[in-house]
Structure formats: structure tokens, C-alpha cells
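> If it helps, the file is called start_0.txt and holds compact mmCIF, C-alpha atoms:
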```txt
# COMPACT_ATOMS: atom_id res chain seq x y z
CA MET Z 239 6.20 148.36 70.47
CA SER Z 240 5.15 145.82 72.95
CA VAL Z 241 6.50 143.11 70.65
CA LYS Z 242 9.94 144.64 70.75
CA SER Z 243 10.00 144.82 74.52
CA LYS Z 244 9.14 141.13 74.79
CA PHE Z 245 11.88 140.31 72.35
CA GLN Z 246 14.36 142.34 74.34
CA VAL Z 247 13.38 140.63 77.61
CA LYS Z 248 14.11 137.23 76.11
CA ASN Z 249 17.54 138.37 75.00
CA ILE Z 250 18.29 139.66 78.48
CA LYS Z 251 17.34 136.34 80.05
CA SER Z 252 19.53 134.48 77.60
CA ALA Z 253 22.45 136.78 78.33
CA SER Z 254 21.84 136.33 82.04
CA ARG Z 255 22.16 132.54 81.75
CA GLN Z 256 25.41 132.85 79.87
CA SER Z 257 26.84 135.17 82.49
CA LYS Z 258 25.99 132.64 85.23
CA ARG Z 259 28.00 129.99 83.39
CA ALA Z 260 30.86 132.41 82.99
CA ARG Z 261 30.83 133.14 86.71
CA THR Z 262 31.05 129.45 87.50
CA SER Z 263 34.12 128.93 85.35
CA SER Z 264 35.83 132.06 86.69
CA CYS Z 265 35.00 130.89 90.20
CA SER Z 266 37.13 127.76 89.81
CA CYS Z 267 39.97 129.92 88.50
CA GLN Z 268 39.69 132.08 91.60
CA ARG Z 269 39.85 128.99 93.81
CA GLN Z 270 42.95 127.83 92.02
CA GLU Z 271 44.56 131.27 92.39
CA SER Z 272 43.72 131.40 96.10
CA ALA Z 273 45.14 127.89 96.57
CA ASN Z 274 48.36 129.02 94.91
CA GLU Z 275 48.46 132.07 97.17
CA ASN Z 276 48.09 129.86 100.26
CA ARG Z 277 51.03 127.74 99.14
CA SER Z 278 53.22 130.77 98.66
CA ASN Z 279 52.29 132.07 102.11
CA GLY Z 280 53.19 128.75 103.75
CA CYS Z 281 49.59 128.04 104.76
CA HIS Z 282 49.30 124.94 102.58
CA ARG Z 283 48.73 121.80 104.63
CA ARG Z 284 51.15 119.00 103.79
CA ASP Z 285 49.63 115.97 102.11
CA PRO Z 286 50.23 112.88 104.30
CA ALA Z 287 50.73 110.78 101.17
CA VAL Z 288 54.02 112.63 100.57
CA GLU Z 289 55.39 111.22 103.81
CA GLY Z 290 54.06 107.78 102.85
CA VAL Z 291 55.89 107.88 99.51
CA GLN Z 292 59.10 108.90 101.29
CA ASP Z 293 58.69 105.99 103.73
CA ALA Z 294 58.11 103.67 100.79
CA GLY Z 295 61.35 104.77 99.19
CA LYS Z 296 63.31 104.15 102.38
CA VAL Z 297 61.82 100.74 103.15
CA LEU Z 298 61.89 99.39 99.59
CA SER Z 299 65.49 100.55 99.21
CA LYS Z 300 66.43 98.53 102.30
CA ILE Z 301 64.60 95.45 101.04
CA PHE Z 302 66.28 95.52 97.63
CA LYS Z 303 69.65 96.35 99.19
CA ARG Z 304 69.39 93.10 101.23
CA LEU Z 305 68.83 91.19 97.99
CA GLU Z 306 72.37 92.12 96.92
CA ASN Z 307 73.54 89.53 99.47
CA GLU Z 308 73.89 86.19 97.64
CA GLU Z 309 72.54 84.09 100.53
CA VAL Z 310 69.42 86.26 100.89
CA ALA Z 311 68.83 86.21 97.12
CA GLU Z 312 69.22 82.43 97.08
CA LYS Z 313 66.68 82.06 99.92
CA LEU Z 314 64.22 84.30 98.09
CA VAL Z 315 64.55 82.35 94.83
CA LYS Z 316 64.02 79.06 96.64
CA ALA Z 317 61.03 80.45 98.60
CA ILE Z 318 59.35 81.72 95.44
CA ARG Z 319 59.89 78.46 93.58
CA CYS Z 320 58.51 76.48 96.55
CA HIS Z 321 55.66 78.96 97.15
CA ASP Z 322 56.83 79.41 100.76
CA ALA Z 323 55.04 82.55 101.95
CA ARG Z 324 56.65 82.51 105.41
CA ALA Z 325 60.18 82.50 103.98
CA VAL Z 326 59.37 85.34 101.56
CA GLN Z 327 57.74 87.30 104.40
CA ASN Z 328 60.88 86.92 106.53
CA ILE Z 329 62.97 88.41 103.73
CA ILE Z 330 60.71 91.32 102.80
CA GLY Z 331 59.88 92.39 106.37
CA CYS Z 332 56.80 93.64 108.19
CA ASP Z 333 55.86 96.60 105.99
CA CYS Z 334 55.08 94.30 103.07
CA LYS Z 335 52.84 91.25 102.79
CA VAL Z 336 52.80 88.29 100.45
CA VAL Z 337 49.53 88.53 98.54
CA HIS Z 338 49.74 85.33 96.52
CA PHE Z 339 51.89 83.11 94.36
CA PHE Z 340 51.17 82.53 90.71
CA CYS Z 341 52.80 80.93 87.69
CA THR Z 342 53.30 82.09 84.17
CA GLN Z 343 54.31 79.86 81.31
CA ARG Z 344 58.00 80.20 82.14
CA SER Z 345 58.17 81.66 85.67
CA ASP Z 346 57.14 81.26 89.28
CA CYS Z 347 56.00 84.55 90.76
CA VAL Z 348 54.96 86.18 94.00
CA ARG Z 349 52.86 89.33 94.31
CA ILE Z 350 53.82 91.59 97.20
CA CYS Z 351 51.85 94.53 98.58
CA CYS Z 352 53.37 97.16 100.85
CA SER Z 353 51.57 99.92 102.78
CA PHE Z 354 53.17 103.12 103.98
CA GLY Z 355 52.25 106.31 105.82
CA ARG Z 356 50.48 107.02 109.08
CA ASP Z 357 47.13 105.73 107.84
CA ASN Z 358 48.48 103.58 104.98
CA GLU Z 359 47.85 106.39 102.47
CA VAL Z 360 50.27 104.78 100.01
CA THR Z 361 50.20 101.18 98.80
CA ILE Z 362 52.67 99.68 96.38
CA SER Z 363 52.23 96.26 94.78
CA PHE Z 364 54.85 94.49 92.74
CA ASP Z 365 55.64 91.06 91.39
CA ILE Z 366 58.89 89.14 91.59
CA CYS Z 367 59.13 86.40 88.99
CA ILE Z 368 61.82 83.72 88.82
CA LYS Z 369 62.40 81.98 85.51
CA ARG Z 370 62.05 78.23 85.87
CA GLU Z 371 65.10 76.08 85.45
CA ASN Z 372 63.02 73.31 83.89
CA ASN Z 373 60.17 74.36 81.56
CA ASN Z 374 58.61 70.85 81.65
CA ARG Z 375 57.13 71.48 85.08
CA TYR Z 376 53.58 72.39 83.86
```
Could you express the structure from this file as C-alpha cells?

Amino acid sequence: MSVKSKFQVKNIKSASRQSKRARTSSCSCQRQESANENRSNGCHRRDPAVEGVQDAGKVLSKIFKRLENEEVAEKLVKAIRCHDARAVQNIIGCDCKVVHFFCTQRSDCVRICCSFGRDNEVTISFDICIKRENNNRY
């Protein structure tokens, strides 16, 4: 009989370990449910990155809207082809910075990085490439 009791104790320990794992997984589900409840009660704190993304949309819209003007677009094309960081910076404004100029086989490009939000929670980088008029340059 003592053999059976030892066997049963081992099974209980094994079951106990499995139940601990099950508790852990259900625990994360409970956290998720409580987080959803907080949102529905209006207690959810707003993510500052949301405001940063909204700022990005406003600022980038203004920048690209200015590029609809032929004179501004012409200045930007010339600045990119001449690798004139100051001229590009004047066009894109203070929220964005010229990172560097680079060339591809057929284009002259500038990489621009913009930061938005109270603590710069959101950064957006993009390239503007201008096809070369003369492909014999390089």
C-alpha cells in the first residue's frame, strides 16, 4: 500500500505544476480584461504618441502643401541636386532635419527625419529622390 501512496503523491505534484501554469496564463487574460474595463470606464491614460502622430500629420501636410507651389518645388529640386542642406532645411521647416544626401544610380536623394510630440515620441524618416536629367554624371 505504501507504494500506491507514493505513486499518488507524484501525480498530485505533477497536477500541481500544471495548475500553476494554467494560473499564469489566466492571469494575463485577467489583466487584459481589467485593462479593457478601465478603457470603458474612461480611466485609460492617453498615450502621448497619439498626439505626436496627430502633430506629424498636421506638419507634414503643411510641408507637402507648400510643395504644390512651383517656385518652392523648383527650389527643392535644385537644393537636392546641389546637396544644399540649408536650402532644403528652409523649405521643410524646423520640425524636420536633413539627415544626409545620397545618390542612387539614377537619382539624387535627401533623407529627412522629423520628430513630433512633447518628448519626441514619434519620429518619421523619409527620402525625397529627384531623377537626374543627365545619367552620365557618375
> What gap, in Å, lies between atom CA of Lys316 of chain Z and atom CA of Ile362 of chain Z?
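Between atom CA of Lys316 of chain Z and atom CA of Ile362 of chain Z the gap works out to 23.5 Å.
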> For Val360 of chain Z, which residue among Z:Cys347, Z:Cys320, Z:Cys334, Z:Glu312 is the nearest when counting only C-alpha atoms?
Z:Cys334
> Between atom CA of Val326 of chain Z and atom CA of Val297 of chain Z, what is the distance in Å, rounded to a tenth?
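Going from atom CA of Val326 of chain Z over to atom CA of Val297 of chain Z covers 15.7 Å.
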> I'd like the interatomic distance between atom CA of Val288 of chain Z and atom CA of Val348 of chain Z, to a tenth of an Å.
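About the pair atom CA of Val288 of chain Z and atom CA of Val348 of chain Z: they are 27.3 Å apart.
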> Neighbouring residues of Cys352 of chain Z were defined as those with any atom within 10 Å, considering only C-alpha atoms; residues of the same chain fewer than 2 positions away were excluded. Please report them as a count of residues only.
19
> Give the answer as one residue: which of Z:Arg319, Z:Arg304, Z:Arg324, Z:His282 has the shortest atom-to-atom distance to Cys367 of chain Z, using all atoms listed in the file?
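Smallest distance to Cys367 of chain Z is found for Z:Arg319.
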> Determine the nearest neighbour of Ile366 of chain Z from the options Z:Gly290, Z:Asn328, Z:Val310, Z:Ser345, counting all atoms listed in the file.
Z:Ser345
> May I have the centre and edge lengths, in Å to one decimal, of an axis-aligned box around the listed atoms of segment 320-335 of chain Z with 8 Å added to every side, as AutoDock Vina command-line options?

```
--center_x 57.9 --center_y 86.5 --center_z 102.4 --size_x 26.1 --size_y 36.1 --size_z 27.6
```
> Compare Z:His338, Z:His321, Z:Arg344, Z:Arg356 by their minimum atom-to-atom distance to Asp293 of chain Z, counting only C-alpha atoms, and give me the closest one.
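Looking only at the distances to Asp293 of chain Z, the closest residue turns out to be Z:Arg356.
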> Closest to Leu314 of chain Z among Z:Asp346, Z:Gly355, Z:Lys300, Z:Asp285, using only C-alpha atoms?
Z:Asp346
> Go through Z:Val315, Z:Asp365, Z:Asp357, Z:Thr342 and flag the residue nearest Pro286 of chain Z, using all atoms listed in the file for the distances.
Z:Asp357
> Just save segment 308-322 of chain Z with all heavy atoms, as a short mmCIF file (atom, residue, chain, number, x, y, z; two decimals), in the first residue's frame.

```
data_model
loop_
_atom_site.label_atom_id
_atom_site.label_comp_id
_atom_site.auth_asym_id
_atom_site.auth_seq_id
_atom_site.Cartn_x
_atom_site.Cartn_y
_atom_site.Cartn_z
N GLU Z 308 4.98 76.05 -57.44
CA GLU Z 308 6.02 75.73 -58.42
C GLU Z 308 7.38 76.28 -58.02
O GLU Z 308 8.41 75.61 -58.19
CB GLU Z 308 5.62 76.26 -59.81
CG GLU Z 308 6.58 75.84 -60.90
CD GLU Z 308 6.15 76.30 -62.28
OE1 GLU Z 308 5.05 76.87 -62.42
OE2 GLU Z 308 6.95 76.09 -63.22
N GLU Z 309 7.43 77.50 -57.49
CA GLU Z 309 8.71 78.10 -57.09
C GLU Z 309 9.36 77.31 -55.95
O GLU Z 309 10.57 77.08 -55.95
CB GLU Z 309 8.52 79.55 -56.67
CG GLU Z 309 8.15 80.47 -57.81
CD GLU Z 309 7.87 81.89 -57.36
OE1 GLU Z 309 8.21 82.22 -56.19
OE2 GLU Z 309 7.33 82.66 -58.15
N VAL Z 310 8.56 76.91 -54.97
CA VAL Z 310 9.09 76.14 -53.85
C VAL Z 310 9.57 74.78 -54.33
O VAL Z 310 10.66 74.33 -53.94
CB VAL Z 310 8.01 75.98 -52.74
CG1 VAL Z 310 8.51 75.08 -51.62
CG2 VAL Z 310 7.60 77.33 -52.19
N ALA Z 311 8.81 74.14 -55.19
CA ALA Z 311 9.21 72.83 -55.73
C ALA Z 311 10.50 72.96 -56.53
O ALA Z 311 11.39 72.10 -56.42
CB ALA Z 311 8.10 72.26 -56.60
N GLU Z 312 10.63 74.02 -57.30
CA GLU Z 312 11.85 74.24 -58.09
C GLU Z 312 13.06 74.44 -57.17
O GLU Z 312 14.14 73.89 -57.42
CB GLU Z 312 11.65 75.47 -58.99
CG GLU Z 312 12.77 75.67 -60.00
CD GLU Z 312 12.48 76.84 -60.93
OE1 GLU Z 312 11.30 77.12 -61.21
OE2 GLU Z 312 13.45 77.48 -61.36
N LYS Z 313 12.88 75.20 -56.09
CA LYS Z 313 13.97 75.41 -55.13
C LYS Z 313 14.39 74.10 -54.47
O LYS Z 313 15.58 73.84 -54.28
CB LYS Z 313 13.55 76.40 -54.05
CG LYS Z 313 13.47 77.83 -54.52
CD LYS Z 313 13.01 78.74 -53.39
CE LYS Z 313 12.83 80.16 -53.88
NZ LYS Z 313 12.34 81.06 -52.82
N LEU Z 314 13.40 73.27 -54.14
CA LEU Z 314 13.71 71.98 -53.50
C LEU Z 314 14.47 71.07 -54.46
O LEU Z 314 15.47 70.45 -54.07
CB LEU Z 314 12.43 71.29 -53.02
CG LEU Z 314 12.66 69.95 -52.31
CD1 LEU Z 314 13.46 70.14 -51.04
CD2 LEU Z 314 11.34 69.27 -52.01
N VAL Z 315 14.04 71.01 -55.70
CA VAL Z 315 14.73 70.17 -56.70
C VAL Z 315 16.17 70.63 -56.85
O VAL Z 315 17.11 69.82 -56.83
CB VAL Z 315 13.98 70.20 -58.05
CG1 VAL Z 315 14.82 69.56 -59.15
CG2 VAL Z 315 12.64 69.49 -57.93
N LYS Z 316 16.37 71.92 -56.98
CA LYS Z 316 17.73 72.46 -57.15
C LYS Z 316 18.58 72.18 -55.91
O LYS Z 316 19.74 71.78 -56.02
CB LYS Z 316 17.65 73.96 -57.40
CG LYS Z 316 18.99 74.59 -57.68
CD LYS Z 316 18.86 76.06 -58.00
CE LYS Z 316 20.23 76.67 -58.25
NZ LYS Z 316 20.15 78.10 -58.53
N ALA Z 317 17.99 72.34 -54.70
CA ALA Z 317 18.73 72.11 -53.46
C ALA Z 317 19.14 70.65 -53.33
O ALA Z 317 20.25 70.34 -52.88
CB ALA Z 317 17.87 72.54 -52.27
N ILE Z 318 18.26 69.75 -53.71
CA ILE Z 318 18.60 68.32 -53.62
C ILE Z 318 19.69 67.96 -54.62
O ILE Z 318 20.64 67.26 -54.29
CB ILE Z 318 17.35 67.45 -53.82
CG1 ILE Z 318 16.40 67.63 -52.63
CG2 ILE Z 318 17.73 65.97 -53.96
CD1 ILE Z 318 15.04 66.97 -52.80
N ARG Z 319 19.57 68.46 -55.84
CA ARG Z 319 20.61 68.17 -56.84
C ARG Z 319 21.96 68.75 -56.46
O ARG Z 319 22.99 68.16 -56.77
CB ARG Z 319 20.16 68.70 -58.21
CG ARG Z 319 19.10 67.85 -58.82
CD ARG Z 319 18.90 68.17 -60.28
NE ARG Z 319 17.97 67.20 -60.85
CZ ARG Z 319 17.00 67.50 -61.69
NH1 ARG Z 319 16.83 68.74 -62.09
NH2 ARG Z 319 16.21 66.55 -62.14
N CYS Z 320 21.96 69.90 -55.79
CA CYS Z 320 23.22 70.55 -55.39
C CYS Z 320 23.68 70.13 -53.99
O CYS Z 320 24.70 70.63 -53.51
CB CYS Z 320 23.05 72.06 -55.42
SG CYS Z 320 22.76 72.71 -57.07
N HIS Z 321 22.91 69.26 -53.34
CA HIS Z 321 23.21 68.81 -51.97
C HIS Z 321 23.33 70.00 -51.02
O HIS Z 321 24.25 70.06 -50.19
CB HIS Z 321 24.47 67.95 -51.94
CG HIS Z 321 24.31 66.68 -52.69
ND1 HIS Z 321 25.04 65.55 -52.38
CD2 HIS Z 321 23.52 66.30 -53.72
CE1 HIS Z 321 24.70 64.57 -53.20
NE2 HIS Z 321 23.77 65.02 -54.01
N ASP Z 322 22.40 70.94 -51.12
CA ASP Z 322 22.38 72.14 -50.29
C ASP Z 322 21.45 71.92 -49.10
O ASP Z 322 20.24 72.14 -49.18
CB ASP Z 322 21.92 73.33 -51.15
CG ASP Z 322 22.00 74.66 -50.42
OD1 ASP Z 322 22.26 74.67 -49.20
OD2 ASP Z 322 21.76 75.69 -51.09
#
```
